>>> print(open('my_file.cif').read())   # mmCIF, C-alpha atoms
data_upload
#
loop_
_atom_site.label_atom_id
_atom_site.label_comp_id
_atom_site.auth_asym_id
_atom_site.auth_seq_id
_atom_site.Cartn_x
_atom_site.Cartn_y
_atom_site.Cartn_z
CA MET A 12 154.17 116.31 110.50
CA SER A 13 155.88 117.68 107.43
CA THR A 14 154.51 119.92 104.67
CA LEU A 15 155.15 119.34 101.02
CA LYS A 16 155.37 122.66 99.20
CA SER A 17 154.95 122.34 95.48
CA ILE A 18 153.06 124.03 92.70
CA ASN A 19 153.06 121.15 90.27
CA VAL A 20 153.02 117.43 90.81
CA ILE A 21 153.82 115.39 87.76
CA HIS A 22 154.34 111.72 86.99
CA PRO A 23 157.75 111.05 85.39
CA SER A 24 156.05 109.63 82.31
CA SER A 25 153.33 112.26 82.05
CA ALA A 26 153.59 115.11 79.59
CA THR A 27 151.33 117.33 81.69
CA ASN A 28 150.93 118.07 85.38
CA ASN A 29 148.86 115.61 87.38
CA ILE A 30 148.17 118.18 90.13
CA VAL A 31 148.53 121.95 90.08
CA ASN A 32 148.29 123.93 93.31
CA ASP A 33 147.78 127.69 93.48
CA ALA A 34 148.31 130.35 96.11
CA SER A 35 144.59 130.45 97.00
CA GLY A 36 144.45 126.86 98.11
CA ASN A 37 142.92 125.57 94.92
CA VAL A 38 143.88 122.30 93.30
CA ALA A 39 143.53 121.43 89.62
CA ILE A 40 143.59 117.81 88.54
CA GLY A 41 145.15 117.30 85.14
CA ASN A 42 143.08 114.30 84.16
CA ASN A 43 140.87 111.72 85.85
CA LEU A 44 140.29 111.53 89.62
CA THR A 45 139.53 108.18 91.20
CA VAL A 46 138.31 107.95 94.79
CA ALA A 47 138.27 104.47 96.24
CA GLY A 48 136.48 105.55 99.41
CA THR A 49 133.80 108.13 100.08
CA SER A 50 134.09 111.64 98.66
CA THR A 51 132.56 114.36 100.85
CA ILE A 52 132.03 117.84 99.44
CA SER A 53 131.08 120.46 102.03
CA GLY A 54 130.64 123.23 99.45
CA ASN A 55 128.88 123.26 96.10
CA GLU A 56 129.67 121.08 93.13
CA THR A 57 129.20 122.07 89.50
CA VAL A 58 129.25 119.38 86.85
CA THR A 59 129.46 120.45 83.22
CA GLY A 60 129.57 116.87 81.98
CA THR A 61 127.41 113.90 82.88
CA VAL A 62 126.91 112.41 86.33
CA VAL A 63 126.93 108.63 86.23
CA MET A 64 125.49 107.00 89.35
CA GLY A 65 125.44 103.46 90.59
CA SER A 66 121.68 103.76 90.90
CA SER A 67 118.96 105.91 89.40
CA PHE A 68 117.92 109.30 90.74
CA LYS A 69 114.70 107.66 91.91
CA ARG A 70 116.64 105.89 94.58
CA ASN A 71 113.97 104.73 96.97
CA ARG A 72 112.30 101.45 96.00
CA ILE A 73 109.82 101.83 98.86
CA ILE A 74 106.59 103.65 97.98
CA ASN A 75 105.08 105.89 100.65
CA GLY A 76 108.01 105.33 102.98
CA ASN A 77 107.15 108.56 104.77
CA MET A 78 103.56 107.37 105.44
CA LEU A 79 102.15 110.49 103.79
CA ILE A 80 99.40 108.76 101.78
CA ASP A 81 96.54 107.07 103.65
CA GLN A 82 93.75 106.64 101.11
CA ARG A 83 91.91 103.90 103.01
CA ASN A 84 91.80 105.27 106.51
CA ALA A 85 92.49 109.01 106.17
CA GLY A 86 94.32 109.11 109.47
CA VAL A 87 91.63 107.30 111.46
CA GLU A 88 92.78 104.65 113.92
CA ILE A 89 91.87 101.09 112.95
CA THR A 90 92.17 97.64 114.47
CA PRO A 91 93.48 95.83 111.41
CA VAL A 92 92.84 92.23 110.50
CA SER A 93 95.62 90.21 108.90
CA GLY A 94 96.26 91.37 105.36
CA GLN A 95 94.62 94.76 105.88
CA PHE A 96 96.39 97.82 104.56
CA LEU A 97 97.34 100.63 106.91
CA THR A 98 98.91 103.66 105.26
CA ASP A 99 99.17 103.08 101.50
CA ARG A 100 101.39 100.16 100.45
CA TRP A 101 101.94 99.04 104.06
CA ALA A 102 100.02 95.94 105.18
CA TYR A 103 99.58 94.32 108.56
CA TYR A 104 99.90 90.57 108.97
CA SER A 105 99.05 88.74 112.17
CA SER A 106 98.35 85.27 113.45
CA GLN A 107 95.90 86.55 116.08
CA ALA A 108 93.16 89.15 115.70
CA SER A 109 92.48 92.34 117.62
CA LYS A 110 95.83 92.76 119.37
CA MET A 111 97.01 96.04 117.86
CA THR A 112 95.73 99.30 116.47
CA ALA A 113 97.25 101.21 113.58
CA GLN A 114 97.06 104.86 112.61
CA GLN A 115 98.70 107.42 110.36
CA VAL A 116 99.71 110.18 112.74
CA THR A 117 100.99 113.69 112.23
CA ASP A 118 102.55 114.37 115.60
CA LEU A 119 105.74 113.07 117.16
CA ASN A 120 107.57 112.90 113.85
CA PRO A 121 111.29 113.39 113.34
CA ILE A 122 112.52 116.42 111.46
CA SER A 123 111.46 116.53 107.80
CA PHE A 124 108.67 114.01 108.16
CA ARG A 125 105.04 115.08 108.36
CA ASN A 126 103.65 111.62 109.09
CA SER A 127 104.49 108.31 110.64
CA LEU A 128 102.70 105.00 111.13
CA LEU A 129 101.81 104.28 114.75
CA MET A 130 101.16 100.75 116.03
CA ILE A 131 99.86 100.30 119.58
CA THR A 132 99.42 97.05 121.47
CA THR A 133 95.88 96.96 122.81
CA SER A 134 95.93 93.39 124.11
CA ALA A 135 99.24 91.86 125.10
CA VAL A 136 100.18 88.48 123.65
CA THR A 137 102.81 86.02 124.75
CA VAL A 138 104.05 85.13 121.30
CA GLY A 139 104.01 81.41 120.52
CA ALA A 140 106.34 79.65 118.10
CA SER A 141 104.10 80.14 115.07
CA ASP A 142 102.79 83.61 115.94
CA PHE A 143 103.59 86.67 113.86
CA PHE A 144 102.66 90.34 114.00
CA THR A 145 104.30 92.37 111.25
CA VAL A 146 104.08 95.44 109.03
CA THR A 147 105.17 94.72 105.46
CA GLN A 148 105.58 96.38 102.10
CA ASN A 149 105.72 94.15 99.03
CA ILE A 150 107.79 95.80 96.30
CA GLU A 151 106.82 95.12 92.70
CA GLY A 152 109.36 93.08 90.76
CA TYR A 153 109.79 95.71 88.04
CA ASN A 154 111.16 98.07 90.68
CA ILE A 155 113.96 95.76 91.79
CA SER A 156 114.96 94.32 88.43
CA ASP A 157 118.32 96.14 88.50
CA LEU A 158 119.34 94.45 91.75
CA ARG A 159 120.11 91.25 89.83
CA TRP A 160 119.27 89.20 92.89
CA GLY A 161 119.45 85.48 92.39
CA LYS A 162 122.49 86.01 90.14
CA SER A 163 126.22 86.05 90.78
CA ASN A 164 126.43 89.83 90.37
CA ALA A 165 123.65 90.63 92.86
CA GLN A 166 123.87 94.21 94.09
CA PRO A 167 123.88 95.23 97.77
CA VAL A 168 121.10 97.41 99.14
CA THR A 169 120.77 99.69 102.13
CA LEU A 170 117.62 100.02 104.19
CA SER A 171 117.17 103.13 106.30
CA PHE A 172 114.27 104.27 108.48
CA TRP A 173 113.26 106.22 111.58
CA VAL A 174 111.67 104.45 114.55
CA PHE A 175 110.30 105.52 117.92
CA SER A 176 109.04 103.15 120.59
CA SER A 177 108.06 103.08 124.22
CA LEU A 178 110.22 99.97 124.41
CA THR A 179 113.98 99.56 123.99
CA GLY A 180 116.19 96.72 122.87
CA THR A 181 116.91 94.89 119.65
CA PHE A 182 114.00 94.92 117.23
CA GLY A 183 113.67 92.65 114.22
CA ALA A 184 113.00 93.02 110.51
CA SER A 185 113.74 91.22 107.27
CA ILE A 186 113.82 91.17 103.51
CA ARG A 187 112.25 88.16 101.76
CA ASN A 188 111.45 86.97 98.28
CA SER A 189 107.93 86.37 97.02
CA GLY A 190 108.07 82.64 97.59
CA ASN A 191 109.19 83.12 101.20
CA SER A 192 112.05 80.75 100.39
CA ARG A 193 114.82 83.32 100.84
CA SER A 194 115.09 85.76 103.70
CA TYR A 195 117.59 88.07 105.33
CA PRO A 196 116.54 88.71 108.94
CA PHE A 197 118.33 91.34 110.95
CA LEU A 198 118.21 93.20 114.25
CA TYR A 199 118.38 96.91 114.98
CA THR A 200 118.66 98.64 118.31
CA ILE A 201 116.59 101.31 120.01
CA VAL A 202 118.64 102.49 122.98
CA SER A 203 116.42 105.22 124.39
CA PRO A 204 112.64 104.86 124.84
CA SER A 205 110.33 107.39 123.21
CA THR A 206 113.15 108.88 121.16
CA TRP A 207 113.36 108.91 117.40
CA THR A 208 116.24 106.73 116.23
CA TYR A 209 117.66 106.61 112.71
CA ILE A 210 118.52 103.10 111.60
CA THR A 211 120.62 102.04 108.62
CA VAL A 212 121.18 98.44 107.59
CA ASN A 213 123.47 97.20 104.82
CA ILE A 214 122.22 94.06 103.11
CA PRO A 215 124.36 92.10 100.67
CA GLY A 216 122.72 91.11 97.42
CA ASP A 217 121.33 87.59 97.40
CA THR A 218 123.02 85.44 94.79
CA SER A 219 120.57 82.57 95.30
CA GLY A 220 116.86 81.96 95.11
CA THR A 221 114.16 83.25 92.80
CA TRP A 222 113.50 86.99 92.77
CA LEU A 223 110.71 87.99 90.43
CA THR A 224 111.22 91.04 88.21
CA ASN A 225 107.71 91.34 86.75
CA SER A 226 104.47 92.82 88.10
CA SER A 227 104.37 90.29 90.94
CA THR A 228 106.08 90.78 94.30
CA GLY A 229 109.83 91.21 93.83
CA LEU A 230 110.76 91.46 97.48
CA SER A 231 109.12 92.16 100.81
CA VAL A 232 110.37 94.47 103.54
CA THR A 233 108.96 93.37 106.89
CA PHE A 234 109.14 94.95 110.33
CA GLY A 235 108.41 92.57 113.19
CA LEU A 236 106.24 93.57 116.13
CA GLY A 237 106.28 90.12 117.73
CA VAL A 238 107.34 86.99 115.90
CA GLY A 239 107.70 83.42 117.15
CA SER A 240 110.61 81.08 116.70
CA THR A 241 109.20 79.41 113.57
CA PHE A 242 109.63 82.65 111.65
CA SER A 243 112.83 83.87 113.35
CA GLY A 244 116.37 83.06 112.25
CA PRO A 245 120.01 84.01 112.55
CA ALA A 246 120.69 87.72 112.06
CA GLY A 247 122.65 89.13 109.18
CA VAL A 248 122.82 86.13 106.87
CA TRP A 249 120.76 84.96 103.94
CA ALA A 250 118.75 81.83 104.62
CA SER A 251 116.61 79.52 102.54
CA ALA A 252 113.74 79.97 104.96
CA ASN A 253 110.79 82.22 105.73
CA TYR A 254 112.22 84.38 108.50
CA ASN A 255 110.25 87.54 109.33
CA VAL A 256 112.81 88.74 111.87
CA ALA A 257 116.09 87.75 113.45
CA THR A 258 116.10 85.65 116.59
CA GLY A 259 116.02 87.69 119.79
CA ALA A 260 113.84 90.53 118.57
CA VAL A 261 111.70 92.60 120.94
CA SER A 262 107.99 91.74 120.96
CA VAL A 263 106.01 94.97 120.80
CA VAL A 264 102.77 93.01 120.98
CA GLY A 265 103.98 91.45 124.23
CA THR A 266 103.46 94.65 126.22
CA ALA A 267 100.01 96.22 126.58
CA GLY A 268 100.11 99.87 125.62
CA ALA A 269 103.47 99.59 123.90
CA THR A 270 103.91 102.00 120.99
CA PHE A 271 105.90 101.68 117.78
CA TYR A 272 106.21 104.50 115.24
CA ILE A 273 107.98 104.21 111.91
CA THR A 274 108.58 106.56 108.98
CA GLY A 275 111.19 107.56 106.43
CA VAL A 276 111.65 104.03 105.14
CA GLN A 277 114.05 103.91 102.21
CA LEU A 278 115.54 100.96 100.33
CA GLU A 279 118.23 101.86 97.84
CA VAL A 280 120.96 100.23 95.83
CA GLY A 281 124.45 100.41 97.28
CA THR A 282 126.05 100.52 100.69
CA VAL A 283 125.34 104.13 101.64
CA ALA A 284 122.14 105.36 103.26
CA THR A 285 121.38 108.65 101.55
CA PRO A 286 118.89 111.22 102.91
CA TYR A 287 115.23 110.27 102.46
CA GLU A 288 114.14 110.89 98.88
CA MET A 289 111.27 113.34 99.23
CA GLN A 290 108.62 113.05 96.52
CA ILE A 291 106.21 115.64 95.19
CA TYR A 292 102.87 114.77 96.82
CA SER A 293 101.06 114.22 93.52
CA ASP A 294 103.81 111.90 92.30
CA GLN A 295 103.67 109.84 95.47
CA LEU A 296 99.87 109.63 95.35
CA ALA A 297 100.04 108.40 91.76
CA GLN A 298 102.60 105.77 92.75
CA CYS A 299 100.19 104.51 95.41
CA GLN A 300 97.25 104.56 93.00
CA ARG A 301 98.88 101.94 90.83
CA TYR A 302 97.91 99.60 93.68
CA PHE A 303 94.81 101.19 95.22
CA GLN A 304 92.30 103.84 94.20
CA THR A 305 89.08 105.08 95.70
CA SER A 306 86.38 107.67 95.15
CA TYR A 307 86.44 108.71 98.81
CA PHE A 308 89.30 111.23 98.39
CA GLY A 309 90.00 112.08 102.02
CA SER A 310 87.29 110.22 103.92
CA PRO A 311 87.84 106.74 105.34
CA VAL A 312 86.59 103.97 103.08
CA GLY A 313 83.08 102.96 104.16
CA THR A 314 82.03 106.44 105.25
CA ALA A 315 78.35 107.23 104.67
CA THR A 316 78.62 110.29 102.43
CA THR A 317 77.67 111.35 98.93
CA THR A 318 80.66 113.70 98.69
CA ASN A 319 82.71 112.72 95.63
CA SER A 320 80.56 109.63 95.08
CA ALA A 321 79.80 108.16 91.68
CA PHE A 322 76.21 108.23 90.58
CA TYR A 323 74.02 107.69 87.59
CA THR A 324 70.52 108.63 86.68
CA VAL A 325 68.28 106.14 84.92
CA TRP A 326 66.28 108.01 82.27
CA ALA A 327 64.19 105.17 80.91
CA ASN A 328 62.63 102.02 82.24
CA THR A 329 65.16 99.30 81.65
CA TYR A 330 66.41 96.21 83.33
CA TYR A 331 70.07 97.18 83.32
CA ALA A 332 72.10 100.35 83.61
CA TYR A 333 75.85 100.75 83.28
CA LEU A 334 78.43 103.32 84.39
CA ASN A 335 82.01 103.41 83.09
CA VAL A 336 84.74 104.90 85.28
CA ASN A 337 88.33 105.37 84.12
CA PHE A 338 91.01 104.98 86.75
CA LEU A 339 93.19 107.96 87.63
CA VAL A 340 96.30 105.85 87.07
CA SER A 341 96.52 102.54 85.24
CA MET A 342 96.66 99.83 87.85
CA ARG A 343 99.15 97.02 88.34
CA THR A 344 96.64 94.42 87.26
CA THR A 345 92.88 93.96 87.12
CA PRO A 346 91.76 95.16 90.53
CA THR A 347 89.32 93.83 93.09
CA ASN A 348 86.37 96.24 93.20
CA VAL A 349 84.11 97.14 96.08
CA SER A 350 81.09 99.44 96.02
CA TYR A 351 79.80 101.17 99.13
CA SER A 352 76.40 102.59 99.92
CA THR A 353 76.49 106.36 100.35
CA ASN A 354 73.70 105.97 102.90
CA ASN A 355 75.26 103.63 105.43
CA GLY A 356 78.62 102.45 104.05
CA ALA A 357 77.43 98.89 103.40
CA SER A 358 79.61 97.09 100.86
CA GLY A 359 78.56 95.44 97.61
CA VAL A 360 75.62 97.78 97.02
CA GLN A 361 74.53 101.15 95.70
CA TYR A 362 72.04 103.51 97.28
CA ASN A 363 68.79 104.80 95.84
CA PHE A 364 66.64 107.23 97.83
CA SER A 365 63.44 105.34 97.02
CA LEU A 366 64.66 101.77 97.05
CA GLY A 367 67.47 101.86 99.58
CA ASN A 368 70.59 99.78 99.02
CA GLN A 369 70.58 97.84 95.75
CA ALA A 370 72.85 95.00 94.61
CA THR A 371 75.44 95.80 91.96
CA ALA A 372 78.28 94.18 90.01
CA PHE A 373 81.59 95.16 88.41
CA SER A 374 83.61 94.30 85.35
CA SER A 375 87.08 95.86 85.27
CA ASN A 376 90.52 95.91 83.75
CA ASN A 377 93.73 97.83 84.52
CA TYR A 378 92.31 101.07 83.18
CA GLY A 379 88.82 101.31 84.59
CA PHE A 380 85.63 99.51 85.48
CA THR A 381 82.05 99.20 84.38
CA ASN A 382 79.47 99.16 87.12
CA GLN A 383 76.09 97.60 86.59
CA ILE A 384 72.80 97.74 88.40
CA THR A 385 69.86 95.57 87.54
CA ASN A 386 66.08 95.42 87.83
CA LEU A 387 65.48 99.07 87.09
CA ALA A 388 62.09 98.64 85.41
CA ALA A 389 59.58 101.26 86.55
CA TYR A 390 62.26 103.31 88.26
CA ALA A 391 63.13 105.75 85.50
CA GLY A 392 64.45 109.05 86.78
CA ASN A 393 66.03 107.55 89.87
CA ASN A 394 69.58 108.33 90.95
CA TYR A 395 71.93 105.63 92.17
CA TYR A 396 74.90 106.63 94.32
CA PHE A 397 77.94 104.65 95.35
CA HIS A 398 81.54 104.97 96.40
CA TRP A 399 84.12 102.56 95.07
CA THR A 400 87.53 101.14 95.72
CA ALA A 401 89.86 99.28 93.37
CA SER A 402 92.71 97.24 94.77
CA ALA A 403 95.55 95.73 92.74
CA GLU A 404 97.81 95.29 95.74
CA LEU A 405 100.58 92.75 95.87
CA MET B 21 89.36 85.68 105.20
CA TYR B 22 87.34 84.83 102.11
CA THR B 23 83.74 83.63 102.46
CA ASN B 24 80.45 83.46 100.51
CA ALA B 25 82.11 83.17 97.12
CA HIS B 26 80.19 82.73 93.90
CA TYR B 27 80.76 83.53 90.26
CA ILE B 28 79.19 86.60 88.70
CA VAL B 29 78.03 86.96 85.11
CA PHE B 30 78.28 90.47 83.77
CA ASN B 31 76.58 91.30 80.50
CA GLY B 32 76.52 87.65 79.58
CA VAL B 33 80.14 86.89 80.51
CA THR B 34 81.50 85.38 83.71
CA THR B 35 83.86 88.14 84.80
CA SER B 36 84.39 87.93 88.53
CA ILE B 37 83.82 86.24 91.85
CA ARG B 38 81.67 88.00 94.37
CA CYS B 39 82.85 87.19 97.87
CA ASP B 40 83.26 88.65 101.32
CA ILE B 41 86.86 89.57 102.15
CA ASN B 42 87.12 90.12 105.89
CA GLY B 43 83.41 90.92 105.82
CA VAL B 44 83.59 93.36 102.89
CA THR B 45 81.59 92.30 99.83
CA SER B 46 84.05 92.45 96.95
CA PHE B 47 84.25 91.64 93.24
CA VAL B 48 87.39 89.71 92.41
CA PRO B 49 88.34 89.51 88.72
CA LEU B 50 89.32 86.22 87.12
CA ASP B 51 92.91 87.40 86.77
CA PRO B 52 95.76 85.22 88.08
CA ALA B 53 97.81 88.38 88.73
CA ASN B 54 95.14 89.67 91.11
CA THR B 55 96.24 88.81 94.64
CA ASP B 56 92.70 88.07 95.86
CA TYR B 57 92.03 85.75 92.92
CA ALA B 58 95.30 83.92 93.57
CA ASN B 59 94.35 83.56 97.23
CA LEU B 60 90.89 82.26 96.31
CA MET B 61 92.33 79.69 93.93
CA GLN B 62 94.77 78.54 96.58
CA LEU B 63 91.95 78.09 99.09
CA VAL B 64 89.96 76.14 96.50
CA ALA B 65 92.97 73.95 95.72
CA GLU B 66 93.43 73.25 99.43
CA GLY B 67 89.76 72.32 99.75
CA LYS B 68 89.08 75.18 102.16
CA LEU B 69 86.65 77.12 99.95
CA THR B 70 84.03 76.36 97.36
CA ILE B 71 83.01 78.94 94.80
CA ALA B 72 79.32 78.62 94.07
CA PRO B 73 78.02 78.63 90.49
CA VAL B 74 76.74 81.74 88.81
CA GLU B 75 74.04 83.49 90.75
CA GLY B 76 71.41 85.35 88.79
CA ALA B 77 72.89 85.29 85.30
CA ASN B 78 72.34 88.43 83.32
#
>>> encode(input="my_file.cif", output="structure tokens")
Amino acid sequence: MSTLKSINVIHPSSATNNIVNDASGNVAIGNNLTVAGTSTISGNETVTGTVVMGSSFKRNRIINGNMLIDQRNAGVEITPVSGQFLTDRWAYYSSQASKMTAQQVTDLNPISFRNSLLMITTSAVTVGASDFFTVTQNIEGYNISDLRWGKSNAQPVTLSFWVFSSLTGTFGASIRNSGNSRSYPFLYTIVSPSTWTYITVNIPGDTSGTWLTNSSTGLSVTFGLGVGSTFSGPAGVWASANYNVATGAVSVVGTAGATFYITGVQLEVGTVATPYEMQIYSDQLAQCQRYFQTSYFGSPVGTATTTNSAFYTVWANTYYAYLNVNFLVSMRTTPTNVSYSTNNGASGVQYNFSLGNQATAFSSNNYGFTNQITNLAAYAGNNYYFHWTASAEL
Amino acid sequence: MYTNAHYIVFNGVTTSIRCDINGVTSFVPLDPANTDYANLMQLVAEGKLTIAPVEGAN
């Protein structure tokens, strides 16, 4: 190895030094610096100009990737039906009922993560060709519009996440479009059981297919927990098919008592998995509330309680009474509303101490709802209590 | 699973479909961007669900 000793380095055609070295080990660059590979700075960096990034500072296109928000279940274990939401923005889809439980948990999490989503197999299934058991987040089209997928200049993305399972092997996941006509299935490996493993996957941008960039689903990120051959395809390539996972993936639902934890899910533009983008709690809650809101505020939906419930008092004999409620955050679209009795958690009703549960109705838009109760004649002075949910999920 | 669907009139206007979604009585707006409404319309188109006329107009 030889050492080049020089103070100045200059191009023959340059009027000024390209590189200037000093006795303290410092280097000054005379003009622009271009790094074709990865630049790693172990110390601090001060920028007096403007930082231009390939992606925005809000890098993560996944909402609630750290499973921190659980408005529906408040950390209580559930046995979800297909289409039911688990932690906020994460839904469970299955071809058979009552095979798994789901729960937001606060133990067993990797460093820097308070919560994870735990799935447990309660009844083992030998997965048939058309079976599927998955956890999915549908990302709104607005939030992927810069990916330019479906075009020749489609941008690559990187998916990163932490997983922990009682099982080992190659697990499956995928990215799909809203029409389920384009999918990129892939495998990832858990070598050691019951050990948190950090996974990163580079995914090339899809230059084909239709990828919506409006308030509908732009793309879906799906983690397979047992998927049959109909919905499994070759790993690591884009396909014009509805593949939930890559062929050969482990079936978590195939082993009774098997556990699967996941957290720290991040999808970002580019080919580098950056550290998980931590959000301020209130910001993350507001992001979730674009898709789901509730009056329960910390209790599982359907709980029999008057705490934080809506209520109105009827002051005069009338046939109708109305209550307007503004949403905390404007919602993605007009939501589906549900009212719950504060007395027993029954849905579609309100509760009155004298009359018991009473039928109700909603009219809503993105910004709030009007609740109505009827047949109030002769009941002036009565209070009517109810909890509510509003869902504008994808 | 969507069952027991019928239209609801609210203050004189048909505004939603009352139905049970996995056993939870819900009010689905007549908004094509609402996922439940889109699912209901697909079930209707496939002949798997009928939405009953308005119940108890008001």
>>> resolve_selection(input="my_file.cif", expression="the PyMOL selection byres ((chain A) within 7 of (chain B))", output="ChimeraX atom specification")
/A:344-349,358-359,373-374,403-405
>>> atom_distance(input="my_file.cif", atom1="atom CA of Arg70 of chain A", atom2="atom CA of Val280 of chain A")
7.2 Å
>>> resolve_selection(input="my_file.cif", expression="the PyMOL selection byres ((chain A and resi 248) around 9)", output="number ranges by chain")
A: 194-197, 214-215, 244-247, 249-250
>>> resolve_selection(input="my_file.cif", expression="the PyMOL selection byres ((chain A and resi 172-183) around 8)", output="ChimeraX atom specification")
/A:121,170-171,184-185,196-211,234-236,255-263,269-277
>>> closest_residue(input="my_file.cif", among="A:Leu44, A:Val264, A:Leu15, A:Val340", to="Ala135 of chain A", atoms="only C-alpha atoms")
A:Val264
>>> atom_distance(input="my_file.cif", atom1="atom CA of Ala321 of chain A", atom2="atom CA of Tyr396 of chain A")
5.8 Å
>>> residues_around(input="my_file.cif", residues="segment 60-72 of chain B", least_positions_apart="2", cutoff="8 Å", atoms="all atoms listed in the file", output="number ranges by chain")
B: 22-27, 37, 56-58, 74-75
>>> atom_distance(input="my_file.cif", atom1="atom CA of Val63 of chain A", atom2="atom CA of Asn188 of chain A")
29.2 Å
>>> axis_aligned_box(input="my_file.cif", around="segment 58-62 of chain B", padding_each_side="8 Å", output="AutoDock Vina command-line options")
--center_x 93.1 --center_y 81.2 --center_z 95.4 --size_x 20.4 --size_y 21.4 --size_z 19.7
